[in-house]
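First up is the structure itself, then whatever we jot down about it.
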Amino acid sequence: MNQADFFAAVQAGNLAEVSRLLEAEPALLHARNERGATAVLTACYTGRKEIRAFLISKGARLELHEAAASGELPRVKELLEANPTAASSYSPDGFPLMALAAAFGHEEVARYLLSKGADVNAIATNGSGYTALTGAVASGHAAIAKWLAENGADVNYRYAKGYSPLLTAAANGHLEIVKMLLAHGADLQTCTDDGKNALAFAEDRKHADVANYLRSLGLTL
């Protein structure tokens, strides 16, 4: 089975190669990579919407985590009605269901999961330390990040060598999210374990608007 080649083609967005490999080995449609993720979930992670749609058209069935990552609310509802406790489940590669919905900007799915008892602060079990808020911030989804902050997400959560949502937002140049996090109680002075603050990240990445805003609040290097 050319599983490694298949997942590489999915990640690269090479639709012709994905199609060729599937035609040769249909069982690849249901294969999982070394982290336990299906091809559909891998396509979601890498932003390959065309590949995801193609795989589904070929019969790949959306399980709960694929449905949440794809924003397929009707399918999420169908699966959770059958198994409500799965709202607090994790993907095979260790991401909380809520984090998958948030990282890809699917606020309606996230709202539904919260109504079913999902924890907005659930932490990935795969070593990344990701939560729903860190996923939304890293992806630049301002609206869902704000909704999460308003619904109990820890804006001062620390992960991966001291990173926080504020530091990630500053590093990625997301001024709107920086302002929102601070308005919801994020610590302006927070630093990574090696002492790097939000201003340092903004300046290193040349996000002048973020750097100027942080300086206007009195933050220095």
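Residues in the structure tokens are numbered from 1 in each chain, the chains being A, B, ... in the order shown, and ligands are numbered from 1 in the order shown.
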Find the spatial neighbours of segment 58-72 of chain A, counting only C-alpha atoms, within a cut-off of 7 Å - ignore same-chain residues fewer than 3 positions away - and output them as a PDB file with C-alpha atoms, in the first residue's frame.
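Contents of the output file part-v2.pdb:
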ATOM      1  CA  LEU A  29      -9.585   6.129   1.323  1.00  0.00           C
ATOM      2  CA  HIS A  30      -9.912   4.750   4.852  1.00  0.00           C
ATOM      3  CA  VAL A  40      -9.924  13.859   5.134  1.00  0.00           C
ATOM      4  CA  LEU A  41      -8.625  15.205   8.435  1.00  0.00           C
ATOM      5  CA  CYS A  44      -8.455  19.862   6.666  1.00  0.00           C
ATOM      6  CA  PHE A  54     -12.838  14.859  -3.631  1.00  0.00           C
ATOM      7  CA  LEU A  55     -12.275  12.287  -0.884  1.00  0.00           C
ATOM      8  CA  ARG A  75     -23.163  15.637  10.524  1.00  0.00           C
ATOM      9  CA  VAL A  76     -21.768  16.728  13.903  1.00  0.00           C
ATOM     10  CA  LEU A  79     -23.203  11.848  15.476  1.00  0.00           C
ATOM     11  CA  SER A  91      -9.250  13.168  17.548  1.00  0.00           C
ATOM     12  CA  LEU A  97     -13.121  18.305  19.240  1.00  0.00           C
ATOM     13  CA  LEU A 100     -10.718  21.386  15.744  1.00  0.00           C
ATOM     14  CA  ALA A 101     -13.871  23.436  15.230  1.00  0.00           C
ATOM     15  CA  PHE A 104     -10.819  26.135  11.353  1.00  0.00           C
ATOM     16  CA  HIS A 106     -16.406  26.981  12.579  1.00  0.00           C
ATOM     17  CA  VAL A 109     -20.013  23.933  15.418  1.00  0.00           C
TER      18      VAL A 109
END
Considering only C-alpha atoms, give me a table of residues in segment 10-121 of chain A that are at most 7 Å from segment 141-161 of chain A, with the closest atom pair and distance in Å for each, as CSV.
residue,atom,partner,partner_atom,distance
A:Ala102,CA,A:Ile144,CA,6.6
A:Gly105,CA,A:His141,CA,5.7
A:Glu107,CA,A:Ile144,CA,5.6
A:Val120,CA,A:Ala153,CA,5.6
A:Asn121,CA,A:Ala153,CA,5.7
File of the preceding selection, C-alpha atoms, as a compact mmCIF listing (two decimals), in the first residue's frame:
# COMPACT_ATOMS: atom_id res chain seq x y z
CA ALA A 102 -12.21 26.62 16.50
CA GLY A 105 -13.19 28.96 12.26
CA GLU A 107 -18.20 29.00 15.24
CA VAL A 120 -13.53 25.27 25.89
CA ASN A 121 -10.24 24.80 27.76
Helix (DSSP H, G or I) call set, DSSP backbone run, segment 54-218 of chain A, as a ChimeraX atom specification: /A:54-57,64-70,73-82,84-88,97-103,107-115,132-139,142-150,165-171,175-183,198-204,208-216
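Distance-wise, atom CA of Leu133 of chain A and atom CA of Lys206 of chain A end up 23.7 Å apart.
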Compile the contact shell of Asn33 of chain A as a PDB file with C-alpha atoms, in the first residue's frame: residues with an atom at most 8 Å away, counting only C-alpha atoms, same-chain residues fewer than 5 positions apart removed.
ATOM      1  CA  GLN A   3       0.112   5.037   2.131  1.00  0.00           C
ATOM      2  CA  ALA A   4       3.046   7.420   2.614  1.00  0.00           C
ATOM      3  CA  PHE A   7      -0.758  11.214   2.449  1.00  0.00           C
ATOM      4  CA  THR A  38      -7.474  10.089   8.094  1.00  0.00           C
ATOM      5  CA  ALA A  39      -6.854  11.635   4.695  1.00  0.00           C
TER       6      ALA A  39
END
Shell around segment 164-167 of chain A at 8 Å using only C-alpha atoms, local window under 3 positions removed, as a PyMOL selection string: chain A and resi 133-134+137-138+155-159+170-171+177-178+181-182+186-188+190-192+197-198+201
